[in-house]
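Everything below concerns the one structure shown next.
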Amino acid sequence: MSDSQTNRLPLVLFGIYLLLYAGFIVINLFATELMELTPFAGVNLAIWYGFGLIVAAILLAFIYGVTGSRHDAQANEAAENKEASK
Amino acid sequence: MIYEPSVLAVVVFFAFVGVTLGLSFWLGGKAKTSEGYFSAHGQIPWFINGVAFAGDYLSAASFLGICGMIAFYGYDGFLYSIGYLAGWIVALFIVAEPMKRLGKFTFADALNSKFNSPGIQIAAGLSTLVVSVFYLIPQMVGAGVLVTPLLGFPHWVGVVLVGVTVILIVVTAGMVSTTWVQFLKGSLLVIFSALLTFMLMNRGFETSEGGADGHKLRTLGPFSAETLEDDLGKDKTTEDWSVIPSDAAWEETPFVRLKNNEGAITVWKKESTEADKFLLTEAQSLTKTTEGTVVVNGLIKGSKKGEPELHPVGHISKLPGGQEKTGPLGLLSFFSTLQESEIVLWPKTVIKEEDGSTTTVYYQKPTPGSQVLRPGEHPRFKGIRSNNPIDKLNFVSLMLALFCGTASLPHILIRYYTVKDEAAARKSTIVGIVTIGFFYILSLYMGLGAMTSGALDVTNSNMAAPLLARSIAEWLFAAISAIAFTTVLGTVSGLILASAGAVTHDLMGHLLHVKMNDAEQVRVAKISSVVVGVLAIILGILFKDMNVSYLVGWAFSVAASANLPSLIMLLFWKKTTSQGIIAALIVGMVSSLGWILLSEDTFTKVYGLSADAALVPFSQPGIVTIPLGFLILIAVSLMTQPKKKL
């Protein structure tokens, strides 16, 4: 992954979460009754969406963590190679 | 309720505090320099720092306030959990790595990294102090709330106990000990909350006619208004009772007061049935007379078990399919069962009597589970179900402040300097998100468990989680209360340390132009810690009656309005100038503070004035003051661009 891609990644992930969070607020404000529907296992959408936001935050954090670690490893390797070639 | 301390609770409590202090003294030797004192030499392992983030963040508001709000109002308290966690996304993706890269000791260092401006250092230092003090108040109030049932001490003793212990921790060893205390507390909080949730689900739900003390809440009638007194006389249990005529204070209320043959006055709520008929359901009342006497349910409040007190509440009146008991429940069947049940909630009405006394009536409100589990039932979230755009704006404003506030809290920001590099800052934030997210999921189970535990104290929503634990086992109550107390200790230590850093680095050096060597810096920081600690004790006593999570909302709004615009624009807009940052910090801080002080919530809850007298249209400032901070920064920066050399 290039540097520019790594720099863009956190902003993309942030944008995805922002959309999910904004969606939650918009449904609450303008389609409140949707939150009372029980789409699965007798549990209402308000709980599914709320838990979904928490799980989404954890998943996005992991994605960032894994890609960030790979990038750190590549950067360290590049630095070591540069040092060795001197 | 009357709280009597148990020996087990006291022993467990002092064991926790003893271990915390012991750890602090032991680690004290490791922080001799200012770098050790403020940032633990940047040598804290990322995993430890990540859990310590959770320790810092899961404050009294998260554990006591959110569980309490869910226990009394249902889903709405969980909106705070969602907003608080969402804020960590801003911290991880936008703030974490640059904060580590740009700063050294304080948030002001990062803001000032490109400019070397004394003005930025002073404005950011002031903002850190203001936000920290605002955040300290609810923590100290929470400490007092906890100590009352645990040790039987009055509220102020709890506040002083926390204040003194925290001052000892911070003065002893600074960031090293604070971090390990946070790690310990964060781990224990999550582990014991998971255990509590597991035991709660294993217990399942059952129907009852009252709370855990075994008192069955009575229903009388049906009656008609004209023949009420005569009808009471026809029943053996009420034959000697009389109806107290409603005076001006009671006339417009749905309550009826009955006096029994011993002279005790009880309050009942009228529930309409068929035409012209009504039932009387038993309510609870707490009267404070002008002489200071406290009367509960018509009798002078006792001080020992067995003497008059309010009944514990929170029960399920109907389970799906007419069941009386569910047995163990799963993660999803917990909610689906509640969705189909009927739960008795306890709203309150305050009545000011003509003789100057005040009576608070707590009454039963049987509520369908589907209503408990939907958003928009708490007055603070009325915007969800209101057609009034101002109410809707208030809701959006609160959710915006929660989203933006986390990444602007000084005691969270300074934790980025305790790890060695940007990768460690990122990893520790991820650990923090996982730990905090897991806890917030548990918060919904614990809050709803408390709602149906029969153990709630109607006068004190903050005690919901510890009382839920007590309804399961005394040892669990002792452990949960002690952890909640260390929760307060941990957050308060972090805040005091952030304030001490701001005073030492930002204000003494740049505002007062005091040059200090390393040892002097540590000494000044320790003196500052004592001063801020004493201030926190005083404020904690003064704000005793305020709701903990409401107070935290203030701190988030001020932090987001004052700090976030500068942080974001510094990172993403090359034309940002030092003057722009100073203006945004000051305008954000003053406007959000001013808005809060002029709002309806503060007029009614703090000043005791009418809501109509409020000078701003809604209570939550974020939606106005956060964009204002950005606008001010952009405008001032554009006006103060450095002149290009020809």
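Scheme for the structure tokens: letters A, B, ... for chains in order shown; per-chain residue numbers from 1; ligand numbers from 1 in order shown.
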
Got a sec: who's within 10 Å of stretch 17-25 of chain B, counting only C-alpha atoms, leaving out chain neighbours fewer than 2 positions off, as a count of residues only?
-> 34

Give me, as a PDB file with N, CA, C and O atoms, in the first residue's frame, the contact residues of chain B against chain A at a cut-off of 6 Å, counting only C-alpha atoms.
```
ATOM      1  N   PHE B  93      -9.241   7.951  14.032  1.00  0.00           N
ATOM      2  CA  PHE B  93      -8.934   8.233  12.628  1.00  0.00           C
ATOM      3  C   PHE B  93      -8.386   9.641  12.381  1.00  0.00           C
ATOM      4  O   PHE B  93      -7.754   9.893  11.364  1.00  0.00           O
ATOM      5  N   PHE B 335     -33.854  -9.388  25.248  1.00  0.00           N
ATOM      6  CA  PHE B 335     -34.583  -8.234  24.695  1.00  0.00           C
ATOM      7  C   PHE B 335     -35.961  -8.637  24.170  1.00  0.00           C
ATOM      8  O   PHE B 335     -36.939  -7.924  24.364  1.00  0.00           O
ATOM      9  N   SER B 336     -36.027  -9.797  23.455  1.00  0.00           N
ATOM     10  CA  SER B 336     -37.315 -10.175  22.852  1.00  0.00           C
ATOM     11  C   SER B 336     -38.351 -10.463  23.943  1.00  0.00           C
ATOM     12  O   SER B 336     -39.534 -10.186  23.750  1.00  0.00           O
ATOM     13  N   ARG B 374     -37.743   1.602  22.944  1.00  0.00           N
ATOM     14  CA  ARG B 374     -37.658   2.484  21.778  1.00  0.00           C
ATOM     15  C   ARG B 374     -37.096   3.843  22.214  1.00  0.00           C
ATOM     16  O   ARG B 374     -37.239   4.230  23.379  1.00  0.00           O
ATOM     17  N   ILE B 384     -36.899  13.468  19.532  1.00  0.00           N
ATOM     18  CA  ILE B 384     -37.107  12.327  18.631  1.00  0.00           C
ATOM     19  C   ILE B 384     -38.589  12.172  18.293  1.00  0.00           C
ATOM     20  O   ILE B 384     -38.942  11.857  17.168  1.00  0.00           O
ATOM     21  N   ILE B 430      -7.120   1.552  19.503  1.00  0.00           N
ATOM     22  CA  ILE B 430      -7.941   0.409  19.067  1.00  0.00           C
ATOM     23  C   ILE B 430      -8.325  -0.452  20.277  1.00  0.00           C
ATOM     24  O   ILE B 430      -9.481  -0.847  20.439  1.00  0.00           O
ATOM     25  N   VAL B 434     -12.185  -1.255  21.617  1.00  0.00           N
ATOM     26  CA  VAL B 434     -12.738  -2.599  21.855  1.00  0.00           C
ATOM     27  C   VAL B 434     -13.246  -2.709  23.302  1.00  0.00           C
ATOM     28  O   VAL B 434     -14.366  -3.170  23.555  1.00  0.00           O
ATOM     29  N   GLY B 437     -16.265  -0.283  23.814  1.00  0.00           N
ATOM     30  CA  GLY B 437     -17.431  -0.753  23.060  1.00  0.00           C
ATOM     31  C   GLY B 437     -18.088  -1.940  23.745  1.00  0.00           C
ATOM     32  O   GLY B 437     -19.319  -2.004  23.886  1.00  0.00           O
TER      33      GLY B 437
END
```

Enumerate as a PyMOL selection string all residues of chain A assigned to alpha helix (DSSP H) by DSSP on the backbone, naming them with the chain letters and numbers the document uses.
-> chain A and resi 3-30+45-85

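When only C-alpha atoms are used to measure the gap to B:Ile538, the shortest distance among B:Gly68, B:Gly144, B:Gly87, B:Pro45 belongs to B:Gly144.
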
Excluding same-chain residues fewer than 3 positions from B:Leu111, what lies within 7 Å of it counting only C-alpha atoms, as a ChimeraX atom specification?
-> /B:107-108,567

Could you please take those selected residues and save all heavy atoms as a PDB file, in the first residue's frame?
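Output contents, as saved in again_9.pdb:
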```pdb
ATOM      1  N   PHE B 107      -1.997  19.049  25.377  1.00  0.00           N
ATOM      2  CA  PHE B 107      -2.737  19.309  24.146  1.00  0.00           C
ATOM      3  C   PHE B 107      -2.278  20.634  23.523  1.00  0.00           C
ATOM      4  O   PHE B 107      -2.163  20.780  22.307  1.00  0.00           O
ATOM      5  CB  PHE B 107      -4.219  19.312  24.548  1.00  0.00           C
ATOM      6  CG  PHE B 107      -5.126  20.176  23.745  1.00  0.00           C
ATOM      7  CD1 PHE B 107      -5.462  19.832  22.448  1.00  0.00           C
ATOM      8  CD2 PHE B 107      -5.680  21.316  24.301  1.00  0.00           C
ATOM      9  CE1 PHE B 107      -6.329  20.615  21.720  1.00  0.00           C
ATOM     10  CE2 PHE B 107      -6.547  22.100  23.574  1.00  0.00           C
ATOM     11  CZ  PHE B 107      -6.861  21.752  22.270  1.00  0.00           C
ATOM     12  N   ALA B 108      -1.922  21.602  24.392  1.00  0.00           N
ATOM     13  CA  ALA B 108      -1.448  22.899  23.914  1.00  0.00           C
ATOM     14  C   ALA B 108      -0.141  22.754  23.124  1.00  0.00           C
ATOM     15  O   ALA B 108       0.068  23.450  22.128  1.00  0.00           O
ATOM     16  CB  ALA B 108      -1.252  23.846  25.094  1.00  0.00           C
ATOM     17  N   LEU B 567      -7.955  21.746  16.597  1.00  0.00           N
ATOM     18  CA  LEU B 567      -7.215  20.514  16.315  1.00  0.00           C
ATOM     19  C   LEU B 567      -7.395  20.087  14.858  1.00  0.00           C
ATOM     20  O   LEU B 567      -6.425  19.788  14.158  1.00  0.00           O
ATOM     21  CB  LEU B 567      -7.769  19.398  17.203  1.00  0.00           C
ATOM     22  CG  LEU B 567      -6.984  19.017  18.448  1.00  0.00           C
ATOM     23  CD1 LEU B 567      -7.749  17.972  19.245  1.00  0.00           C
ATOM     24  CD2 LEU B 567      -5.611  18.483  18.080  1.00  0.00           C
TER      25      LEU B 567
END
```

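The gap separating atom CA of B:Thr367 from atom CA of B:Ser317 is 9.2 Å, in Å to one decimal.
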
Could you name the residues that touch B:Lys544 at 8 Å or less, counting only C-alpha atoms, but leaving out those on the same chain fewer than 2 positions away, as a list in words?
->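 Within the cut-off, the hits are Val141, Gly144, His155, Gly540, Ile541, Leu542 and Met546 of chain B.
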
I need the residues from that last selection saved to file as an mmCIF file, in the first residue's frame (with N, CA, C and O atoms), if you can.
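Result saved to part03.cif:
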```cif
data_model
loop_
_atom_site.group_PDB
_atom_site.id
_atom_site.type_symbol
_atom_site.label_atom_id
_atom_site.label_comp_id
_atom_site.auth_asym_id
_atom_site.auth_seq_id
_atom_site.Cartn_x
_atom_site.Cartn_y
_atom_site.Cartn_z
ATOM 1 N N VAL B 141 -19.391 14.269 42.426
ATOM 2 C CA VAL B 141 -20.773 14.020 42.850
ATOM 3 C C VAL B 141 -21.011 12.505 42.882
ATOM 4 O O VAL B 141 -21.592 11.968 43.834
ATOM 5 N N GLY B 144 -19.599 10.820 46.000
ATOM 6 C CA GLY B 144 -20.436 11.008 47.184
ATOM 7 C C GLY B 144 -21.645 10.084 47.147
ATOM 8 O O GLY B 144 -22.018 9.462 48.146
ATOM 9 N N HIS B 155 -22.918 12.296 52.030
ATOM 10 C CA HIS B 155 -22.385 12.584 50.694
ATOM 11 C C HIS B 155 -21.036 13.294 50.751
ATOM 12 O O HIS B 155 -20.085 12.929 50.056
ATOM 13 N N GLY B 540 -17.804 19.396 44.134
ATOM 14 C CA GLY B 540 -18.527 18.122 44.284
ATOM 15 C C GLY B 540 -19.570 18.204 45.386
ATOM 16 O O GLY B 540 -20.650 17.608 45.290
ATOM 17 N N ILE B 541 -19.263 18.949 46.448
ATOM 18 C CA ILE B 541 -20.223 19.108 47.550
ATOM 19 C C ILE B 541 -21.338 20.075 47.130
ATOM 20 O O ILE B 541 -22.512 19.817 47.358
ATOM 21 N N LEU B 542 -20.966 21.159 46.443
ATOM 22 C CA LEU B 542 -21.959 22.165 46.047
ATOM 23 C C LEU B 542 -22.972 21.624 45.030
ATOM 24 O O LEU B 542 -24.137 21.977 45.059
ATOM 25 N N MET B 546 -27.104 17.404 41.449
ATOM 26 C CA MET B 546 -27.185 17.411 39.984
ATOM 27 C C MET B 546 -27.010 16.002 39.418
ATOM 28 O O MET B 546 -26.271 15.189 39.955
#
```

What separates atom CA of B:Val531 and atom CA of B:Thr491 is a distance of 17.0 Å

Spatial neighbours of stretch 413-427 of chain B, 8 Å, only C-alpha atoms, chain gap at least 2 places, as JSON, numbers by chain | {"A": [65, 68, 69, 72], "B": [39, 40, 41, 42, 43, 44, 45, 46, 47, 49, 50, 53, 92, 96, 97, 98, 99, 100, 101, 103, 104, 105, 106, 107, 175, 407, 408, 409, 410, 411, 429, 430, 431, 498]}

Excluding stretch 283-290 of chain B and any residue of its chain fewer than 5 positions from it, enumerate the residues within 6 Å of it, using only C-alpha atoms, and give them as a PyMOL selection string.
-> chain B and resi 267-268+295-297+357-363

Contacts of B:His215 within 12 Å, only C-alpha atoms, excl. fewer than 6 positions in-chain, as a ChimeraX atom specification = /B:208-209,282,309-313,315,454-455

Since we have the selection now, will you write its residues out, keeping N, CA and C atoms, as a PDB file, in the first residue's frame?
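The resulting file, out.pdb, is shown below:
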```
ATOM      1  N   SER B 208     -43.789  -9.740  39.483  1.00  0.00           N
ATOM      2  CA  SER B 208     -44.017  -9.535  40.916  1.00  0.00           C
ATOM      3  C   SER B 208     -44.986  -8.374  41.080  1.00  0.00           C
ATOM      4  N   GLU B 209     -45.371  -8.139  42.319  1.00  0.00           N
ATOM      5  CA  GLU B 209     -46.320  -7.047  42.587  1.00  0.00           C
ATOM      6  C   GLU B 209     -45.647  -5.891  43.308  1.00  0.00           C
ATOM      7  N   GLU B 282     -51.190   2.531  44.367  1.00  0.00           N
ATOM      8  CA  GLU B 282     -50.317   3.038  45.441  1.00  0.00           C
ATOM      9  C   GLU B 282     -49.111   3.774  44.855  1.00  0.00           C
ATOM     10  N   GLU B 309     -39.150   3.872  55.380  1.00  0.00           N
ATOM     11  CA  GLU B 309     -38.312   4.254  54.240  1.00  0.00           C
ATOM     12  C   GLU B 309     -39.117   4.032  52.962  1.00  0.00           C
ATOM     13  N   LEU B 310     -38.630   4.570  51.863  1.00  0.00           N
ATOM     14  CA  LEU B 310     -39.303   4.335  50.587  1.00  0.00           C
ATOM     15  C   LEU B 310     -39.031   2.895  50.150  1.00  0.00           C
ATOM     16  N   HIS B 311     -40.000   2.297  49.496  1.00  0.00           N
ATOM     17  CA  HIS B 311     -39.823   0.913  49.052  1.00  0.00           C
ATOM     18  C   HIS B 311     -38.926   0.881  47.810  1.00  0.00           C
ATOM     19  N   PRO B 312     -38.061  -0.146  47.723  1.00  0.00           N
ATOM     20  CA  PRO B 312     -37.313  -0.302  46.463  1.00  0.00           C
ATOM     21  C   PRO B 312     -38.296  -0.670  45.344  1.00  0.00           C
ATOM     22  N   VAL B 313     -37.987  -0.269  44.111  1.00  0.00           N
ATOM     23  CA  VAL B 313     -38.954  -0.456  43.016  1.00  0.00           C
ATOM     24  C   VAL B 313     -38.307  -1.087  41.785  1.00  0.00           C
ATOM     25  N   HIS B 315     -40.284  -3.441  38.722  1.00  0.00           N
ATOM     26  CA  HIS B 315     -40.694  -4.831  38.548  1.00  0.00           C
ATOM     27  C   HIS B 315     -41.443  -5.031  37.243  1.00  0.00           C
ATOM     28  N   GLY B 454     -36.241  -4.871  40.968  1.00  0.00           N
ATOM     29  CA  GLY B 454     -36.967  -4.628  42.222  1.00  0.00           C
ATOM     30  C   GLY B 454     -36.097  -3.970  43.272  1.00  0.00           C
ATOM     31  N   ALA B 455     -34.911  -3.519  42.877  1.00  0.00           N
ATOM     32  CA  ALA B 455     -33.965  -2.992  43.868  1.00  0.00           C
ATOM     33  C   ALA B 455     -33.710  -1.496  43.723  1.00  0.00           C
TER      34      ALA B 455
END
```

Enter the distance from atom CA of B:Pro366 to atom CA of B:Gly449, in Å, rounded to one decimal.
-> 16.6 Å

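When only C-alpha atoms are used to compute distances to B:Leu398, the closest of the residues B:Thr227, B:Ser557, B:Ser592, B:Ser610 turns out to be B:Ser557.
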
Would you mind telling me which residue in B:Ser481, B:Asn462, B:Asn261, B:Ser619 lies nearest to B:Thr604 when using only C-alpha atoms?
-> B:Ser619
